[in-house]
Amino acid sequence: MLNNMDRINNVIFDLGGVILDIDLLKGMTAMKQLGITNFESSNEKVNHMKTFMDFEKGLLSEAGFIEKLKEENEADFSNNDFIDAWNEIIVGFQQERIDLIANLKKSARFRTFLLSNTNSLHKDLYTRILREEHSVRGLEELFDNVYFSHEIYMRKPDPVIYHYVLNTEGLIPEQTLFIDDSLANIETAQSLGMETFHLSDGVTINDLFSEQQVARWI
């Protein structure tokens with residue numbers, strides 16, 4: 001299913017929809033119930049609302065983000081109710097995906113990285129899920145390095161975040177595979193010379209890397 005793997009030395013994974021199961025519709029419904037209606041839905045997993053993007057880029061604090069949404073929507077809700085609704089998008093992790101990522105890191109075949117558009121509220125929740133349900137302290141354990149948009153103040157699909165990861169890690173684009181479920185993010189990676197795989201139509205990362213392959217690499 002993957003082409004040109006002989007020359008691939010590095011794999012960069014997206015998080016939501018790739019490793020972490022999410023339910024965008026459930027999250028949008030919960031937000032609307034609070035009176036928050038300025039989130040755009042589309043075929044992509046994220047919307048293009050500036051306030052949301054600023055939060056994902058770490059330009060707004062959690063409290064600042066919530067207050068700005070209240071102002072923009074002329075809505076009144078408690079911070080706790082908002083956080084509960086905001087986190088409805090997070091479903092959880094499948095153990096087979098965690099096992100795959102952990103085994104890829106153990107192998108001498110690839111260096112593995114995570115590059116995620118995310119935010120502090122969601123990170124708190126999925127880190128807790130990892131600890132309580134999978135005995136993993138954090139995503140940092142599963143990769144050679146992780147990059148979260150809200151911690152490095154940039155987000156996909158802006159090319160600057162790709163350059164940042166490539167330059168920081170000393171990665172050669174043509175030797176790097178980028179896996180994401182967002183077509184916009186894939187197109188930017190392609191424009192920079194990376195090999196890509198657009199995860200769609202029910203395909204999972206476990207379909208891309210067979211157990212037999214990974215066993216040989218460990």
# chains A, B, ... in the order shown; residues from 1 in each chain; ligands from 1
$ residues_around --residues "A:Glu62" --least-positions-apart "3" --cutoff "12 Å" --atoms "only C-alpha atoms" --output "NGL selection string"
:A and (51-52 or 54-59 or 65-69 or 79-80 or 82-83 or 86 or 119-122 or 124 or 150)
$ residues_around --residues "A:Ile98" --least-positions-apart "4" --cutoff "10 Å" --atoms "only C-alpha atoms" --output "ChimeraX atom specification"
/A:19-20,93-94,102-104,130,134,136,139,142,206
$ write_last_selection --atoms "N, CA, C and O atoms" --output "PDB file, in the first residue's frame"
ATOM      1  N   ILE A  19      -4.020   8.287  14.884  1.00  0.00           N
ATOM      2  CA  ILE A  19      -3.675   7.467  16.048  1.00  0.00           C
ATOM      3  C   ILE A  19      -4.785   7.549  17.100  1.00  0.00           C
ATOM      4  O   ILE A  19      -5.159   6.545  17.712  1.00  0.00           O
ATOM      5  N   LEU A  20      -5.301   8.744  17.291  1.00  0.00           N
ATOM      6  CA  LEU A  20      -6.368   8.996  18.260  1.00  0.00           C
ATOM      7  C   LEU A  20      -7.713   9.036  17.540  1.00  0.00           C
ATOM      8  O   LEU A  20      -7.885   9.787  16.585  1.00  0.00           O
ATOM      9  N   PHE A  93      -7.997   5.774  22.257  1.00  0.00           N
ATOM     10  CA  PHE A  93      -6.967   5.083  21.483  1.00  0.00           C
ATOM     11  C   PHE A  93      -7.303   3.601  21.358  1.00  0.00           C
ATOM     12  O   PHE A  93      -7.787   2.982  22.302  1.00  0.00           O
ATOM     13  N   GLN A  94      -6.997   3.033  20.209  1.00  0.00           N
ATOM     14  CA  GLN A  94      -7.072   1.593  20.047  1.00  0.00           C
ATOM     15  C   GLN A  94      -5.703   1.005  20.385  1.00  0.00           C
ATOM     16  O   GLN A  94      -4.670   1.489  19.891  1.00  0.00           O
ATOM     17  N   ALA A 102       4.635   1.978  19.174  1.00  0.00           N
ATOM     18  CA  ALA A 102       5.700   1.613  20.110  1.00  0.00           C
ATOM     19  C   ALA A 102       6.710   0.690  19.441  1.00  0.00           C
ATOM     20  O   ALA A 102       7.928   0.839  19.634  1.00  0.00           O
ATOM     21  N   ASN A 103       6.239  -0.246  18.639  1.00  0.00           N
ATOM     22  CA  ASN A 103       7.144  -1.183  17.968  1.00  0.00           C
ATOM     23  C   ASN A 103       7.939  -0.508  16.859  1.00  0.00           C
ATOM     24  O   ASN A 103       9.110  -0.851  16.627  1.00  0.00           O
ATOM     25  N   LEU A 104       7.329   0.442  16.168  1.00  0.00           N
ATOM     26  CA  LEU A 104       8.076   1.180  15.148  1.00  0.00           C
ATOM     27  C   LEU A 104       9.217   1.968  15.780  1.00  0.00           C
ATOM     28  O   LEU A 104      10.321   2.054  15.218  1.00  0.00           O
ATOM     29  N   LEU A 130      -4.360   7.878  27.976  1.00  0.00           N
ATOM     30  CA  LEU A 130      -3.183   7.020  27.774  1.00  0.00           C
ATOM     31  C   LEU A 130      -2.713   6.405  29.088  1.00  0.00           C
ATOM     32  O   LEU A 130      -2.404   5.213  29.154  1.00  0.00           O
ATOM     33  N   HIS A 134      -4.043   2.710  29.069  1.00  0.00           N
ATOM     34  CA  HIS A 134      -3.012   2.023  28.283  1.00  0.00           C
ATOM     35  C   HIS A 134      -1.647   1.986  28.970  1.00  0.00           C
ATOM     36  O   HIS A 134      -0.677   1.519  28.372  1.00  0.00           O
ATOM     37  N   VAL A 136       0.531   4.214  29.483  1.00  0.00           N
ATOM     38  CA  VAL A 136       1.530   5.008  28.776  1.00  0.00           C
ATOM     39  C   VAL A 136       1.493   6.409  29.378  1.00  0.00           C
ATOM     40  O   VAL A 136       0.422   7.025  29.465  1.00  0.00           O
ATOM     41  N   LEU A 139       2.354  10.701  25.011  1.00  0.00           N
ATOM     42  CA  LEU A 139       2.742  10.403  23.633  1.00  0.00           C
ATOM     43  C   LEU A 139       4.238  10.498  23.428  1.00  0.00           C
ATOM     44  O   LEU A 139       4.793   9.876  22.511  1.00  0.00           O
ATOM     45  N   LEU A 142       6.155   7.319  22.935  1.00  0.00           N
ATOM     46  CA  LEU A 142       5.908   6.469  21.770  1.00  0.00           C
ATOM     47  C   LEU A 142       6.665   6.896  20.519  1.00  0.00           C
ATOM     48  O   LEU A 142       6.653   6.173  19.520  1.00  0.00           O
ATOM     49  N   ASN A 206      -2.497   0.586  10.912  1.00  0.00           N
ATOM     50  CA  ASN A 206      -2.187  -0.841  11.006  1.00  0.00           C
ATOM     51  C   ASN A 206      -2.342  -1.535   9.664  1.00  0.00           C
ATOM     52  O   ASN A 206      -1.770  -2.607   9.442  1.00  0.00           O
TER      53      ASN A 206
END
$ select_by_dssp --residues "stretch 48-215 of chain A" --states "helix (DSSP H, G or I)" --output "PyMOL selection string"
chain A and resi 50-56+62-73+79-89+95-106+120-134+139-141+149-152+159-169+173-175+183-191+205-208+211-215
$ atom_distance --atom1 "atom CA of A:Gln213" --atom2 "atom CA of A:Arg7"
15.6 Å
$ closest_atom_pairs --of "stretch 86-147 of chain A" --to "stretch 30-40 of chain A" --cutoff "10 Å" --atoms "only C-alpha atoms" --output "tab-separated table"
residue	atom	partner	partner_atom	distance
A:Trp86	CA	A:Met31	CA	6.6
A:Asn87	CA	A:Ala30	CA	9.1
A:Glu88	CA	A:Ala30	CA	6.9
A:Ile89	CA	A:Ala30	CA	8.9
$ write_last_selection --atoms "C-alpha atoms" --output "PDB file, in the first residue's frame"
ATOM      1  CA  TRP A  86     -15.053  20.709  23.987  1.00  0.00           C
ATOM      2  CA  ASN A  87     -13.662  17.302  24.931  1.00  0.00           C
ATOM      3  CA  GLU A  88     -16.598  15.378  23.445  1.00  0.00           C
ATOM      4  CA  ILE A  89     -14.559  15.138  20.247  1.00  0.00           C
TER       5      ILE A  89
END
$ residues_around --residues "A:Tyr164" --least-positions-apart "3" --cutoff "12 Å" --atoms "only C-alpha atoms" --output "PyMOL selection string"
chain A and resi 115+147-149+152-156+158-161+167-171
$ write_last_selection --atoms "N, CA, C and O atoms" --output "PDB file, in the first residue's frame"
ATOM      1  N   LEU A 115       3.307  15.023  14.671  1.00  0.00           N
ATOM      2  CA  LEU A 115       3.078  16.434  14.365  1.00  0.00           C
ATOM      3  C   LEU A 115       1.577  16.671  14.382  1.00  0.00           C
ATOM      4  O   LEU A 115       0.854  16.222  13.481  1.00  0.00           O
ATOM      5  N   TYR A 147       5.649  16.988  18.321  1.00  0.00           N
ATOM      6  CA  TYR A 147       5.468  18.410  18.065  1.00  0.00           C
ATOM      7  C   TYR A 147       3.975  18.725  18.115  1.00  0.00           C
ATOM      8  O   TYR A 147       3.194  18.224  17.308  1.00  0.00           O
ATOM      9  N   PHE A 148       3.595  19.545  19.096  1.00  0.00           N
ATOM     10  CA  PHE A 148       2.205  19.948  19.281  1.00  0.00           C
ATOM     11  C   PHE A 148       2.066  21.416  18.887  1.00  0.00           C
ATOM     12  O   PHE A 148       2.830  22.269  19.357  1.00  0.00           O
ATOM     13  N   SER A 149       1.071  21.713  18.069  1.00  0.00           N
ATOM     14  CA  SER A 149       0.921  23.065  17.522  1.00  0.00           C
ATOM     15  C   SER A 149       0.885  24.134  18.614  1.00  0.00           C
ATOM     16  O   SER A 149       1.507  25.194  18.468  1.00  0.00           O
ATOM     17  N   ILE A 152       4.419  25.017  19.951  1.00  0.00           N
ATOM     18  CA  ILE A 152       5.436  25.613  19.074  1.00  0.00           C
ATOM     19  C   ILE A 152       4.869  26.794  18.274  1.00  0.00           C
ATOM     20  O   ILE A 152       5.545  27.328  17.392  1.00  0.00           O
ATOM     21  N   TYR A 153       3.628  27.188  18.575  1.00  0.00           N
ATOM     22  CA  TYR A 153       3.019  28.428  18.069  1.00  0.00           C
ATOM     23  C   TYR A 153       2.878  28.471  16.550  1.00  0.00           C
ATOM     24  O   TYR A 153       3.006  29.522  15.931  1.00  0.00           O
ATOM     25  N   MET A 154       2.577  27.334  15.961  1.00  0.00           N
ATOM     26  CA  MET A 154       2.309  27.253  14.526  1.00  0.00           C
ATOM     27  C   MET A 154       1.502  25.988  14.286  1.00  0.00           C
ATOM     28  O   MET A 154       1.482  25.099  15.128  1.00  0.00           O
ATOM     29  N   ARG A 155       0.826  25.925  13.136  1.00  0.00           N
ATOM     30  CA  ARG A 155      -0.027  24.767  12.898  1.00  0.00           C
ATOM     31  C   ARG A 155      -0.047  24.419  11.416  1.00  0.00           C
ATOM     32  O   ARG A 155       0.232  25.259  10.550  1.00  0.00           O
ATOM     33  N   LYS A 156      -0.384  23.184  11.130  1.00  0.00           N
ATOM     34  CA  LYS A 156      -0.592  22.735   9.757  1.00  0.00           C
ATOM     35  C   LYS A 156      -1.870  23.372   9.208  1.00  0.00           C
ATOM     36  O   LYS A 156      -2.794  23.639   9.973  1.00  0.00           O
ATOM     37  N   ASP A 158       0.268  25.304   7.371  1.00  0.00           N
ATOM     38  CA  ASP A 158       1.279  26.326   7.082  1.00  0.00           C
ATOM     39  C   ASP A 158       2.634  25.650   6.888  1.00  0.00           C
ATOM     40  O   ASP A 158       3.085  24.886   7.756  1.00  0.00           O
ATOM     41  N   PRO A 159       3.314  25.896   5.768  1.00  0.00           N
ATOM     42  CA  PRO A 159       4.601  25.241   5.515  1.00  0.00           C
ATOM     43  C   PRO A 159       5.638  25.471   6.603  1.00  0.00           C
ATOM     44  O   PRO A 159       6.542  24.646   6.784  1.00  0.00           O
ATOM     45  N   VAL A 160       5.504  26.568   7.364  1.00  0.00           N
ATOM     46  CA  VAL A 160       6.529  26.887   8.358  1.00  0.00           C
ATOM     47  C   VAL A 160       6.659  25.795   9.407  1.00  0.00           C
ATOM     48  O   VAL A 160       7.769  25.512   9.876  1.00  0.00           O
ATOM     49  N   ILE A 161       5.559  25.124   9.760  1.00  0.00           N
ATOM     50  CA  ILE A 161       5.646  24.094  10.791  1.00  0.00           C
ATOM     51  C   ILE A 161       6.351  22.845  10.261  1.00  0.00           C
ATOM     52  O   ILE A 161       7.072  22.162  10.989  1.00  0.00           O
ATOM     53  N   ASN A 167      13.882  20.820   9.795  1.00  0.00           N
ATOM     54  CA  ASN A 167      15.160  21.446  10.148  1.00  0.00           C
ATOM     55  C   ASN A 167      15.620  21.060  11.546  1.00  0.00           C
ATOM     56  O   ASN A 167      16.809  20.809  11.777  1.00  0.00           O
ATOM     57  N   THR A 168      14.690  21.012  12.499  1.00  0.00           N
ATOM     58  CA  THR A 168      15.051  20.660  13.875  1.00  0.00           C
ATOM     59  C   THR A 168      15.618  19.251  13.955  1.00  0.00           C
ATOM     60  O   THR A 168      16.595  18.992  14.669  1.00  0.00           O
ATOM     61  N   GLU A 169      15.010  18.335  13.212  1.00  0.00           N
ATOM     62  CA  GLU A 169      15.422  16.931  13.273  1.00  0.00           C
ATOM     63  C   GLU A 169      16.456  16.553  12.217  1.00  0.00           C
ATOM     64  O   GLU A 169      16.961  15.431  12.225  1.00  0.00           O
ATOM     65  N   GLY A 170      16.764  17.482  11.315  1.00  0.00           N
ATOM     66  CA  GLY A 170      17.713  17.181  10.253  1.00  0.00           C
ATOM     67  C   GLY A 170      17.197  16.147   9.274  1.00  0.00           C
ATOM     68  O   GLY A 170      17.950  15.290   8.805  1.00  0.00           O
ATOM     69  N   LEU A 171      15.910  16.231   8.935  1.00  0.00           N
ATOM     70  CA  LEU A 171      15.279  15.248   8.062  1.00  0.00           C
ATOM     71  C   LEU A 171      15.360  15.674   6.600  1.00  0.00           C
ATOM     72  O   LEU A 171      15.169  16.844   6.279  1.00  0.00           O
TER      73      LEU A 171
END
$ closest_residue --among "A:Thr112, A:Ser78, A:Ser210, A:Ser135" --to "A:Phe178" --atoms "only C-alpha atoms"
A:Thr112
$ closest_residue --among "A:Asp6, A:Asp99, A:Glu140, A:Asp81" --to "A:Val214" --atoms "only C-alpha atoms"
A:Asp99
$ select_by_dssp --residues "chain A" --states "strand (DSSP E or B)" --output "PyMOL selection string"
chain A and resi 10-13+16+20-22+90-93+111-116+145-148+176-180+195-198
